[in-house]
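> Sharing a structure, written as structure tokens. Questions coming.
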Amino acid sequence: MSQERIIEFMGKKIRVGHKNIELDFFQGEGSIAAKYLKVQEGEVFFDVGASWAMWTLYGLACGAYVYAFEPSVPYCNDLLKFVEANEGFMERCKVLNLGLDKVENVKTLADWFRQHGWHGALTEDHFVPTTFKTIDSFLPELTRLDWMKLDVEGGEYDVLLGGLTALKKFKPQLIIENHLGVDQIGDWMRANKIYEKMLELLRGLHYKITEEPHQGRSFIICNF
């Protein structure tokens, strides 16, 4: 990885394998992670929609056990390389080429995006059959679940519906990207009242909810 270098973020030294990861730390969602992801050593963190790996790498640098979910094969392959580049990280990380949904199924990412209102560009990897599981399907192997970040392009409500048992059992703190402000998704979310349904679900689980604006969109922060 020719762009590989070591950065220091929130007192943690992290080897990054692509300039976009470094930019995400210092100009992107890193500010949200620094403010709200207070993960401690030994805690379990689900990074759902791991993409450029920033959240996964930061969680691992803090000493967490991380489940990194990324359904796109190219992104997942890169994610694995980025984690492996940091000594000791793979011992505490499961890189999973899976999507999460409200029910287990197999479909293409193109189908997933269209079901959640996406009307933007699609790439070749979006047309590959992809396995989707539920959060609750991981219950047999979990003894704890402390944190979860959700960024699945408008499908966050469906992911939560697939994890109600785990949410009630473990009460993880949640960091959820709100896509109402995204042109390709926001209209569908408004038409189907997805934001309102998600807040109703979270309040029904007794979460305290705040919202943090970020670069034209926002993050929903949920804790007890």
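Each chain in the structure tokens gets a letter, A, B, ..., in the order shown, and its residues are numbered from 1; ligands are numbered from 1 in order too.
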I'd like the neighbourhood of A:Cys222 as a list of chain:residue names, where a residue qualifies if any of its atoms comes within 6 Å (using only C-alpha atoms), though same-chain residues fewer than 2 positions away should be ignored.
A:Gln173, A:Leu174, A:Tyr207, A:Lys208, A:Ile209
> For the selection just defined, write its residues with N, CA and C atoms to a file, as a compact mmCIF listing (two decimals), in the first residue's frame.

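The result, written out as result30.txt:
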```
# COMPACT_ATOMS: atom_id res chain seq x y z
N GLN A 173 -24.63 1.23 23.23
CA GLN A 173 -24.73 2.62 22.82
C GLN A 173 -24.65 2.67 21.29
N LEU A 174 -25.45 3.55 20.70
CA LEU A 174 -25.62 3.58 19.25
C LEU A 174 -25.19 4.92 18.67
N TYR A 207 -33.96 4.44 25.00
CA TYR A 207 -32.75 5.19 24.74
C TYR A 207 -32.98 6.68 24.95
N LYS A 208 -31.96 7.37 25.44
CA LYS A 208 -31.92 8.83 25.44
C LYS A 208 -31.27 9.24 24.12
N ILE A 209 -31.89 10.16 23.41
CA ILE A 209 -31.48 10.47 22.04
C ILE A 209 -31.07 11.93 21.91
```
> Running DSSP on the backbone, which parts of stretch 8-201 of chain A land in strand (DSSP E or B), as number ranges by chain?
A: 8-9, 12-16, 44-48, 65-69, 93-96, 99-100, 105-108, 129-133, 147-150, 173-178
> Quick one: residues within 7 Å of A:Ala68, only C-alpha atoms, excluding same-chain residues fewer than 5 positions away - as an MDAnalysis selection string?
chainID A and resid 46:48 50 56 94:96
> Would you export the selected residues with C-alpha atoms as a compact mmCIF listing (two decimals), in the first residue's frame, please?

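Result went into out.txt, see below:
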```
# COMPACT_ATOMS: atom_id res chain seq x y z
CA PHE A 46 -20.27 -3.54 15.80
CA ASP A 47 -19.17 -1.29 12.90
CA VAL A 48 -22.07 -1.74 10.49
CA ALA A 50 -17.42 -0.16 7.77
CA THR A 56 -13.09 0.05 12.79
CA LYS A 94 -13.86 -10.04 12.52
CA VAL A 95 -14.01 -8.58 9.02
CA LEU A 96 -17.32 -9.82 7.62
```
> Can you list, as a ChimeraX atom specification, every protein, DNA or RNA residue that comes within 9 Å of A:Gly163 when you count only C-alpha atoms, leaving out same-chain residues fewer than 3 positions away?
/A:101-102,134-137,158-160,166-168
> Please save N, CA and C atoms of the selected residues as a PDB file, in the first residue's frame.

```pdb
ATOM      1  N   ASP A 101     -29.662  -6.795   7.928  1.00  0.00           N
ATOM      2  CA  ASP A 101     -31.014  -6.461   7.497  1.00  0.00           C
ATOM      3  C   ASP A 101     -31.981  -6.893   8.592  1.00  0.00           C
ATOM      4  N   LYS A 102     -33.274  -6.702   8.360  1.00  0.00           N
ATOM      5  CA  LYS A 102     -34.282  -7.096   9.353  1.00  0.00           C
ATOM      6  C   LYS A 102     -34.565  -8.586   9.315  1.00  0.00           C
ATOM      7  N   THR A 134     -28.874 -10.878  10.314  1.00  0.00           N
ATOM      8  CA  THR A 134     -29.444  -9.949  11.295  1.00  0.00           C
ATOM      9  C   THR A 134     -28.481  -9.796  12.459  1.00  0.00           C
ATOM     10  N   ILE A 135     -28.620  -8.711  13.184  1.00  0.00           N
ATOM     11  CA  ILE A 135     -27.835  -8.564  14.421  1.00  0.00           C
ATOM     12  C   ILE A 135     -28.102  -9.746  15.342  1.00  0.00           C
ATOM     13  N   ASP A 136     -29.374 -10.120  15.466  1.00  0.00           N
ATOM     14  CA  ASP A 136     -29.734 -11.188  16.396  1.00  0.00           C
ATOM     15  C   ASP A 136     -29.137 -12.534  16.016  1.00  0.00           C
ATOM     16  N   SER A 137     -28.760 -12.727  14.755  1.00  0.00           N
ATOM     17  CA  SER A 137     -28.155 -13.995  14.353  1.00  0.00           C
ATOM     18  C   SER A 137     -26.797 -14.209  15.009  1.00  0.00           C
ATOM     19  N   ASP A 158     -34.176  -0.816   9.311  1.00  0.00           N
ATOM     20  CA  ASP A 158     -34.306  -2.249   9.081  1.00  0.00           C
ATOM     21  C   ASP A 158     -33.259  -3.040   9.861  1.00  0.00           C
ATOM     22  N   VAL A 159     -32.044  -2.523   9.937  1.00  0.00           N
ATOM     23  CA  VAL A 159     -30.998  -3.202  10.706  1.00  0.00           C
ATOM     24  C   VAL A 159     -31.396  -3.280  12.182  1.00  0.00           C
ATOM     25  N   LEU A 160     -31.936  -2.197  12.716  1.00  0.00           N
ATOM     26  CA  LEU A 160     -32.377  -2.204  14.112  1.00  0.00           C
ATOM     27  C   LEU A 160     -33.494  -3.223  14.329  1.00  0.00           C
ATOM     28  N   ALA A 166     -31.076  -8.484  20.709  1.00  0.00           N
ATOM     29  CA  ALA A 166     -29.736  -8.088  21.146  1.00  0.00           C
ATOM     30  C   ALA A 166     -29.747  -6.699  21.781  1.00  0.00           C
ATOM     31  N   LEU A 167     -30.519  -5.782  21.211  1.00  0.00           N
ATOM     32  CA  LEU A 167     -30.587  -4.432  21.765  1.00  0.00           C
ATOM     33  C   LEU A 167     -31.176  -4.453  23.171  1.00  0.00           C
ATOM     34  N   LYS A 168     -32.216  -5.249  23.363  1.00  0.00           N
ATOM     35  CA  LYS A 168     -32.839  -5.331  24.685  1.00  0.00           C
ATOM     36  C   LYS A 168     -31.931  -6.029  25.694  1.00  0.00           C
TER      37      LYS A 168
END
```
> Name the residues in contact with stretch 146-149 of chain A at a cut-off of 9 Å, using only C-alpha atoms, excluding same-chain residues fewer than 3 positions from it; report them as number ranges by chain.
A: 37-39, 43-50, 55, 170-177
> With DSSP run on the backbone, what are the alpha helix (DSSP H) residues within stretch 48-213 of chain A? I'd like them as an NGL selection string.
:A and (54-61 or 73-84 or 109-115 or 156-161 or 164-170 or 183-191 or 194-204)
> Now that the selection is made, can you save its residues with C-alpha atoms as a short mmCIF file (atom, residue, chain, number, x, y, z; two decimals), in the first residue's frame?

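Output below, filename out28.cif:
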```
data_model
loop_
_atom_site.label_atom_id
_atom_site.label_comp_id
_atom_site.auth_asym_id
_atom_site.auth_seq_id
_atom_site.Cartn_x
_atom_site.Cartn_y
_atom_site.Cartn_z
CA MET A 54 -11.94 4.66 10.02
CA TRP A 55 -14.43 3.61 12.70
CA THR A 56 -13.09 0.05 12.79
CA LEU A 57 -9.48 1.17 13.08
CA TYR A 58 -10.28 3.66 15.84
CA GLY A 59 -12.27 1.09 17.80
CA LEU A 60 -9.41 -1.39 17.53
CA ALA A 61 -6.86 1.26 18.53
CA VAL A 73 -16.40 -7.15 -1.86
CA PRO A 74 -13.81 -4.53 -2.98
CA TYR A 75 -14.34 -2.43 0.16
CA CYS A 76 -14.22 -5.53 2.35
CA ASN A 77 -10.95 -6.72 0.77
CA ASP A 78 -9.38 -3.31 1.37
CA LEU A 79 -10.77 -3.22 4.90
CA LEU A 80 -9.05 -6.51 5.68
CA LYS A 81 -5.73 -5.14 4.41
CA PHE A 82 -6.09 -1.97 6.48
CA VAL A 83 -6.77 -3.95 9.66
CA GLU A 84 -3.94 -6.43 9.00
CA LEU A 109 -26.58 -4.47 -3.10
CA ALA A 110 -28.38 -2.85 -6.03
CA ASP A 111 -31.62 -4.37 -4.75
CA TRP A 112 -30.82 -3.19 -1.23
CA PHE A 113 -30.15 0.36 -2.38
CA ARG A 114 -33.30 0.51 -4.49
CA GLN A 115 -35.42 -0.80 -1.62
CA GLU A 156 -30.60 1.74 9.51
CA TYR A 157 -34.20 1.20 10.67
CA ASP A 158 -34.31 -2.25 9.08
CA VAL A 159 -31.00 -3.20 10.71
CA LEU A 160 -32.38 -2.20 14.11
CA LEU A 161 -35.51 -4.29 13.50
CA LEU A 164 -34.33 -6.13 18.81
CA THR A 165 -33.41 -9.07 21.05
CA ALA A 166 -29.74 -8.09 21.15
CA LEU A 167 -30.59 -4.43 21.77
CA LYS A 168 -32.84 -5.33 24.68
CA LYS A 169 -30.32 -7.79 26.14
CA PHE A 170 -27.08 -5.82 25.83
CA ASP A 183 -30.28 13.78 -1.97
CA GLN A 184 -30.33 10.17 -3.19
CA ILE A 185 -32.06 8.86 -0.02
CA GLY A 186 -33.76 11.70 1.86
CA ASP A 187 -36.92 11.93 -0.25
CA TRP A 188 -37.65 8.23 0.24
CA MET A 189 -37.00 8.50 3.99
CA ARG A 190 -39.40 11.42 4.28
CA ALA A 191 -42.10 9.76 2.20
CA ILE A 194 -38.27 6.33 8.30
CA TYR A 195 -36.70 8.89 10.64
CA GLU A 196 -39.85 9.09 12.76
CA LYS A 197 -40.20 5.29 12.89
CA MET A 198 -36.59 4.94 13.95
CA LEU A 199 -36.91 7.46 16.77
CA GLU A 200 -40.13 5.80 17.95
CA LEU A 201 -38.37 2.43 18.03
CA LEU A 202 -35.38 3.81 19.93
CA ARG A 203 -37.51 5.61 22.48
CA GLY A 204 -39.51 2.41 22.95
#
```
> Given the choices A:Gly162, A:Gly88, A:Gly154, A:Pro71, which gets closest to A:Pro129 if the distance is worked out from only C-alpha atoms?
A:Pro71
> Name the residues in contact with stretch 22-32 of chain A at a cut-off of 12 Å, using only C-alpha atoms, excluding same-chain residues fewer than 6 positions from it; report them as a VMD selection string.
chain A and resid 3 to 10 12 to 16 38 51 to 59 82 149 151 175 to 177 211 to 221
> Could you check which of A:Thr131, A:Ser72, A:Asn223, A:Gln40 is closest to A:Val106, using only C-alpha atoms?
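Among A:Thr131, A:Ser72, A:Asn223, A:Gln40, it is A:Thr131 that comes nearest to A:Val106.
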